Every structure is written in structure tokens, then in C-alpha cells.
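K.L.:
Just passing along the structure, written as C-alpha cells.
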Amino acid sequence: MSSVADEPRDGMKLIEIDQGQLRQHVDGLVRDAVEETLNALLDAEADALCNAKRYERSPDRTDYRAGSYPRTLQTKAGEVELKVPKLRRATFESQVIERYRRRESSVEEALVEMYLAGVSVRRVEDITAALWGTRVSPSTVSELNQKIYARIHAWRNRPLTGEHPYVYLDGIWLSREFGGEVRPVAVLVAIGVNADGFREILGVMEGAKEDTESWRAFLRNLKERGLKGVQLVVSDKCLGLVEALGECFPEARWQRCVVHFYRNAFTAVPTGKVREAAALLKAIHAQEDREAALAKAAQVVTKLEAMRLGKAAAVVRAGVAETLAYMSFPREHWTRIRTNNPLERLNREIRRRTRVVGAFPDGESALVLVAARLRHVAGTTWGLRRYLNTDLLKDLDRPPEPAAVAG
């Protein structure tokens, strides 16, 4: 690390410091300290789960240690070796490991976005060095990119377990290059609320366009992967979707998004009368039950016709019954199942993240980036916070729905 200089100065021998060796030594000390600290945290977490320290005799003990297994972790100080405890009865889930998993997911997503945005390999090396604390080679980046694609593919095709009483469906349009031209590509997305009331990303698939065949393939994929127990599907009125839904999930009711229904009606309303028309339409969905809403809808149709808005009245007469399926479910769920807003918010996030890319080189690239973003969102509070009290669905008595609107 040091050496004595050949020429003395002022009767003293100078010591030359090897900066490289010193830095390596210090880095080693820091890495060892980080490794020791993290392993101490893991042991403390295991003690808390067992409700007793290792080898401690305690009447309050709830579990026992069963050894450990090694796991490497990349940190700013370098790669450290963790000794993850194992328990006899419970599964050891560490906050240290969970934070690592979340960071690993975020880095994967960032790498996918960087590649699809056309960032150079050299720039990717700089960014990964900032994220991980270590610089990776171009070949490693390429290999990691392939692993990311494989993981995203596996996540998209994972089995769906349990029941999902509520399902939301929508498509998002992105741009892709095809033969030197920029053409639109549809990415179909499904989210659901499971039997415990938590939201899940159920599936994402490329569709040539939002037609019956694309939706049929998507819904079949969901069903083959285990989607079941569907009681209500919420979506816009895409004819291809509604037709495919009747084939794949005939037992499920369909809820036409109320917001999209309003927008459809507003296309036949002059700008100066939109506010008044909106108040009339909202009055329909402010009723206490389906029968009252249908009666109110008949009054609204008459009012619109009196306002010389015959086309808007026709839209209401033909479609309002499709927007009232939610009223056959618990009232506490109404505000969250009568529109496609939960999925619309995700779509806005997807557009924000994909806007910088512009046109994708192919549909697969668009699909992977969308799936990467959804996978990341699923691991946040979005999927970890209970969304609905699904206990209210038990023993729910739903009467038959009237077929049409009077008037």
C-alpha cells in the first residue's frame, strides 16, 4: 500500500501512498460493514418473527430457526453475501429482500425503457452504474435485456388463481413502425378485483386492432390461464369486445362505462347545451335503484327531445340500460364499478411512459414496455391496498334486469 521514497527530504523519508490499493482496501471495509449490517438486520427480523432470540428459551416463542441460505445483493458498496434465515413453520419474508426485489423490478423497467427509447449501450452502462453502484459490460446489458423480456413474458402468462368478481377491460393505442411507415397498434389490458378485494393486473396482449377476433383471443387467454368467478365486466362499448365477452364469459354481466356513455351522447349535443345535458344524464345514475333510474331515463329522453336533441335522446334510449348493471351489486361498490376509471388511470400512466418513445420498432417492443410498467405498478400500493370489501358480495340476491327503457 505504501513505499519509502529513494531521496530523503529535510532529513525525513517520504511515504508514497498507492491510491488504488488504498481505495480497494477502504471499499473492502465498507462492503464488509454493509454485509455485516444487513445480515444483522436479517437476524433481527427472524428473531421478531420467532418472538425470541436464537437459542433463547422463552414461553412466548412462536417459531424456530431452520438454518439459512445464501443470497447475493448488489449495493453501492459492491456485491455482498447475505445469509437469509429459514424458519420451520413460517416463510421468512424480509423487508431487506423486498426492497431489493422492488429495486430490481424498477431497474429492469428502466433498462427496457432505455433500450426502446434508443439509448446507446455506453449510456446504459453509465446509468446502470448509477443505479447499481457497479458498471456492467455491454454483453451483460444485452443478456440482462433478454432476461427482462423472458421475465415479462412469464409474468404475462402466469396462472391466475382464485376468483375475480370484477374485471375491467380496455385497449390503448400506440404507434409502431411497419415497412417504413408508422401505424397504430392496440395493446389490450385487463385488471380485476379478486375475492379478497385487491386489484390485480390480469393480462396484457397485443391486438391488431380492437376487433372481435383480438378480444376473443385475449379473453380466451385469460380464461385458459384460470380467470373465473367473473360476475361483472366493465368496459366501453366496443362491439368486438361485447361480442367476444358473450362467448367467453356468458355468465358475467356487462357494465358499459358511464363516462364513455356520456361522451357518446355529448357528440350529438351542441357545445352550449352540454352542461344542461350532462346534468340530465347524471340524474339518471343518481337514482336509488335500477327501476328508478330507468324511469328517470324515460323522462330525460322526453326532455332531450323537447330540447330538439333527438340524436342524443336516441343514444340514451338505446344504451342507458347497458349502464345500469352496477346497480345489481352492493351499493358500497357502485362508484368504483360503474365506470372504467380504474383502468383509464393506468392507461394515462402508460401513455406518459411511452410518449417519449414515439414509434416502437415493432408490436412486441410496445407490448413489453406496457407490461413492464404494469408489472411495476402491480407491486406498489396500487395492488397492495384493499380496493373493495368483497365480503358484501356473499349471498347477494340480484333480480333479473329489465330489457329496455320506456319512452
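In the C-alpha cells, chains take letters A, B, ... by order of appearance, with residues numbered from 1 within each chain and ligands from 1 in the order shown.
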Would you list the contacts of A:Phe92 as a PyMOL selection string, taking every protein, DNA or RNA residue within 12 Å and counting only C-alpha atoms, but skipping same-chain residues closer than 4 positions in sequence?

P.N.:
chain A and resi 42-50+63-69+84-88+96-98

K.L.:
Would you list the contacts of A:Leu219 as a list in words, taking every protein, DNA or RNA residue within 8 Å and counting only C-alpha atoms, but skipping same-chain residues closer than 5 positions in sequence?

P.N.:
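The residues satisfying every condition are Ala244, Leu245 and Cys248 of chain A.
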
K.L.:
I need the residues in stretch 256-372 of chain A that are alpha helix (DSSP H) according to DSSP; give them as number ranges by chain.

P.N.:
A: 258-266, 274-284, 290-306, 310-319, 334-337, 341-354, 363-372

K.L.:
Store the residues picked out above, limited to C-alpha atoms, as a PDB file, in the first residue's frame.

P.N.:
```pdb
ATOM      1  CA  VAL A 258     -70.989   5.549 -17.620  1.00  0.00           C
ATOM      2  CA  VAL A 259     -68.373   8.184 -18.515  1.00  0.00           C
ATOM      3  CA  HIS A 260     -67.943   6.836 -22.041  1.00  0.00           C
ATOM      4  CA  PHE A 261     -71.727   6.689 -22.386  1.00  0.00           C
ATOM      5  CA  TYR A 262     -71.960  10.384 -21.505  1.00  0.00           C
ATOM      6  CA  ARG A 263     -69.273  11.192 -24.066  1.00  0.00           C
ATOM      7  CA  ASN A 264     -71.158   9.264 -26.738  1.00  0.00           C
ATOM      8  CA  ALA A 265     -74.289  11.301 -26.007  1.00  0.00           C
ATOM      9  CA  PHE A 266     -72.390  14.611 -25.974  1.00  0.00           C
ATOM     10  CA  VAL A 274     -73.584  20.194 -22.976  1.00  0.00           C
ATOM     11  CA  ARG A 275     -73.759  21.362 -19.349  1.00  0.00           C
ATOM     12  CA  GLU A 276     -77.550  21.034 -19.233  1.00  0.00           C
ATOM     13  CA  ALA A 277     -77.452  17.660 -20.949  1.00  0.00           C
ATOM     14  CA  ALA A 278     -74.786  16.458 -18.508  1.00  0.00           C
ATOM     15  CA  ALA A 279     -76.980  17.372 -15.539  1.00  0.00           C
ATOM     16  CA  LEU A 280     -79.858  15.388 -17.032  1.00  0.00           C
ATOM     17  CA  LEU A 281     -77.704  12.296 -17.643  1.00  0.00           C
ATOM     18  CA  LYS A 282     -76.130  12.389 -14.181  1.00  0.00           C
ATOM     19  CA  ALA A 283     -79.607  12.494 -12.655  1.00  0.00           C
ATOM     20  CA  ILE A 284     -80.235   9.026 -14.119  1.00  0.00           C
ATOM     21  CA  ARG A 290     -82.419   0.336 -11.354  1.00  0.00           C
ATOM     22  CA  GLU A 291     -86.168   0.766 -11.694  1.00  0.00           C
ATOM     23  CA  ALA A 292     -85.991   4.408 -10.612  1.00  0.00           C
ATOM     24  CA  ALA A 293     -83.067   5.002 -12.967  1.00  0.00           C
ATOM     25  CA  LEU A 294     -84.972   3.566 -15.923  1.00  0.00           C
ATOM     26  CA  ALA A 295     -87.992   5.742 -15.093  1.00  0.00           C
ATOM     27  CA  LYS A 296     -85.729   8.778 -14.847  1.00  0.00           C
ATOM     28  CA  ALA A 297     -84.090   7.880 -18.157  1.00  0.00           C
ATOM     29  CA  ALA A 298     -87.507   7.922 -19.855  1.00  0.00           C
ATOM     30  CA  GLN A 299     -88.045  11.447 -18.507  1.00  0.00           C
ATOM     31  CA  VAL A 300     -84.608  12.506 -19.733  1.00  0.00           C
ATOM     32  CA  VAL A 301     -85.344  11.166 -23.216  1.00  0.00           C
ATOM     33  CA  THR A 302     -88.547  13.233 -23.310  1.00  0.00           C
ATOM     34  CA  LYS A 303     -86.661  16.318 -22.084  1.00  0.00           C
ATOM     35  CA  LEU A 304     -83.898  15.925 -24.684  1.00  0.00           C
ATOM     36  CA  GLU A 305     -86.455  15.593 -27.447  1.00  0.00           C
ATOM     37  CA  ALA A 306     -88.169  18.768 -26.204  1.00  0.00           C
ATOM     38  CA  GLY A 310     -83.252  13.950 -30.938  1.00  0.00           C
ATOM     39  CA  LYS A 311     -79.931  12.191 -31.685  1.00  0.00           C
ATOM     40  CA  ALA A 312     -78.807  12.483 -28.060  1.00  0.00           C
ATOM     41  CA  ALA A 313     -82.207  11.200 -26.941  1.00  0.00           C
ATOM     42  CA  ALA A 314     -81.781   8.201 -29.250  1.00  0.00           C
ATOM     43  CA  VAL A 315     -78.371   7.431 -27.715  1.00  0.00           C
ATOM     44  CA  VAL A 316     -79.882   7.491 -24.231  1.00  0.00           C
ATOM     45  CA  ARG A 317     -82.897   5.409 -25.181  1.00  0.00           C
ATOM     46  CA  ALA A 318     -80.775   2.748 -26.899  1.00  0.00           C
ATOM     47  CA  GLY A 319     -77.944   2.467 -24.390  1.00  0.00           C
ATOM     48  CA  TRP A 334     -71.231   1.493  -7.146  1.00  0.00           C
ATOM     49  CA  THR A 335     -68.850   4.402  -7.568  1.00  0.00           C
ATOM     50  CA  ARG A 336     -65.981   2.043  -8.424  1.00  0.00           C
ATOM     51  CA  ILE A 337     -67.728  -0.368 -10.770  1.00  0.00           C
ATOM     52  CA  ASN A 341     -61.836   4.872 -14.442  1.00  0.00           C
ATOM     53  CA  PRO A 342     -59.513   2.431 -12.589  1.00  0.00           C
ATOM     54  CA  LEU A 343     -58.158   1.219 -15.924  1.00  0.00           C
ATOM     55  CA  GLU A 344     -58.264   4.667 -17.527  1.00  0.00           C
ATOM     56  CA  ARG A 345     -55.875   5.937 -14.839  1.00  0.00           C
ATOM     57  CA  LEU A 346     -53.448   3.130 -15.666  1.00  0.00           C
ATOM     58  CA  ASN A 347     -53.732   3.925 -19.364  1.00  0.00           C
ATOM     59  CA  ARG A 348     -52.790   7.539 -18.700  1.00  0.00           C
ATOM     60  CA  GLU A 349     -49.700   6.358 -16.841  1.00  0.00           C
ATOM     61  CA  ILE A 350     -48.808   4.053 -19.742  1.00  0.00           C
ATOM     62  CA  ARG A 351     -49.161   6.905 -22.242  1.00  0.00           C
ATOM     63  CA  ARG A 352     -46.975   9.120 -20.099  1.00  0.00           C
ATOM     64  CA  ARG A 353     -44.244   6.484 -20.013  1.00  0.00           C
ATOM     65  CA  THR A 354     -44.458   5.563 -23.699  1.00  0.00           C
ATOM     66  CA  GLY A 363     -45.549  -4.530 -31.633  1.00  0.00           C
ATOM     67  CA  GLU A 364     -43.540  -6.762 -29.299  1.00  0.00           C
ATOM     68  CA  SER A 365     -41.494  -3.814 -28.070  1.00  0.00           C
ATOM     69  CA  ALA A 366     -44.648  -1.830 -27.341  1.00  0.00           C
ATOM     70  CA  LEU A 367     -46.148  -4.801 -25.516  1.00  0.00           C
ATOM     71  CA  VAL A 368     -43.055  -5.373 -23.366  1.00  0.00           C
ATOM     72  CA  LEU A 369     -42.815  -1.754 -22.246  1.00  0.00           C
ATOM     73  CA  VAL A 370     -46.520  -1.604 -21.369  1.00  0.00           C
ATOM     74  CA  ALA A 371     -46.272  -4.914 -19.498  1.00  0.00           C
ATOM     75  CA  ALA A 372     -43.136  -3.753 -17.667  1.00  0.00           C
TER      76      ALA A 372
END
```

K.L.:
Distance atom CA of A:His164-atom CA of A:Glu322, one decimal place?

P.N.:
21.0 Å

K.L.:
List every residue of stretch 188-375 of chain A that DSSP, applied to the backbone, labels as strand (DSSP E or B), and write the result as an MDAnalysis selection string.

P.N.:
chainID A and resid 188:193 198:207 232:235 253:256 359:360

K.L.:
Just write the chosen residues, C-alpha atoms, as a PDB file, in the first residue's frame.

P.N.:
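And here is the file that came out, again_31.pdb:
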```pdb
ATOM      1  CA  LEU A 188     -55.338  -4.840 -24.725  1.00  0.00           C
ATOM      2  CA  VAL A 189     -55.305  -4.648 -20.925  1.00  0.00           C
ATOM      3  CA  ALA A 190     -57.368  -6.379 -18.227  1.00  0.00           C
ATOM      4  CA  ILE A 191     -57.378  -5.675 -14.498  1.00  0.00           C
ATOM      5  CA  GLY A 192     -59.548  -7.321 -11.879  1.00  0.00           C
ATOM      6  CA  VAL A 193     -60.624  -7.220  -8.260  1.00  0.00           C
ATOM      7  CA  PHE A 198     -57.428  -6.383  -4.040  1.00  0.00           C
ATOM      8  CA  ARG A 199     -56.711  -5.202  -7.575  1.00  0.00           C
ATOM      9  CA  GLU A 200     -54.582  -7.291  -9.927  1.00  0.00           C
ATOM     10  CA  ILE A 201     -53.200  -6.886 -13.438  1.00  0.00           C
ATOM     11  CA  LEU A 202     -54.803  -9.889 -15.134  1.00  0.00           C
ATOM     12  CA  GLY A 203     -53.361  -9.641 -18.606  1.00  0.00           C
ATOM     13  CA  VAL A 204     -51.885  -7.549 -21.406  1.00  0.00           C
ATOM     14  CA  MET A 205     -51.750  -8.607 -25.038  1.00  0.00           C
ATOM     15  CA  GLU A 206     -51.091  -7.061 -28.422  1.00  0.00           C
ATOM     16  CA  GLY A 207     -54.148  -6.800 -30.653  1.00  0.00           C
ATOM     17  CA  LEU A 232     -69.289  -8.113 -13.786  1.00  0.00           C
ATOM     18  CA  VAL A 233     -67.152  -6.836 -16.663  1.00  0.00           C
ATOM     19  CA  VAL A 234     -66.721  -3.072 -17.045  1.00  0.00           C
ATOM     20  CA  SER A 235     -65.694  -1.578 -20.390  1.00  0.00           C
ATOM     21  CA  ARG A 253     -72.884  -9.232 -16.624  1.00  0.00           C
ATOM     22  CA  TRP A 254     -71.569  -6.364 -18.696  1.00  0.00           C
ATOM     23  CA  GLN A 255     -71.392  -2.789 -17.388  1.00  0.00           C
ATOM     24  CA  ARG A 256     -70.992  -0.094 -20.023  1.00  0.00           C
ATOM     25  CA  ALA A 359     -42.959   4.966 -32.670  1.00  0.00           C
ATOM     26  CA  PHE A 360     -41.962   1.497 -31.497  1.00  0.00           C
TER      27      PHE A 360
END
```

K.L.:
Rounded to one decimal place, report the atom CA of A:Glu79-atom CA of A:Ser94 distance in Å.

P.N.:
18.4 Å

K.L.:
Suppose you want the space between atom CA of A:Thr271 and atom CA of A:Ala325; what is it in Å?

P.N.:
29.5 Å
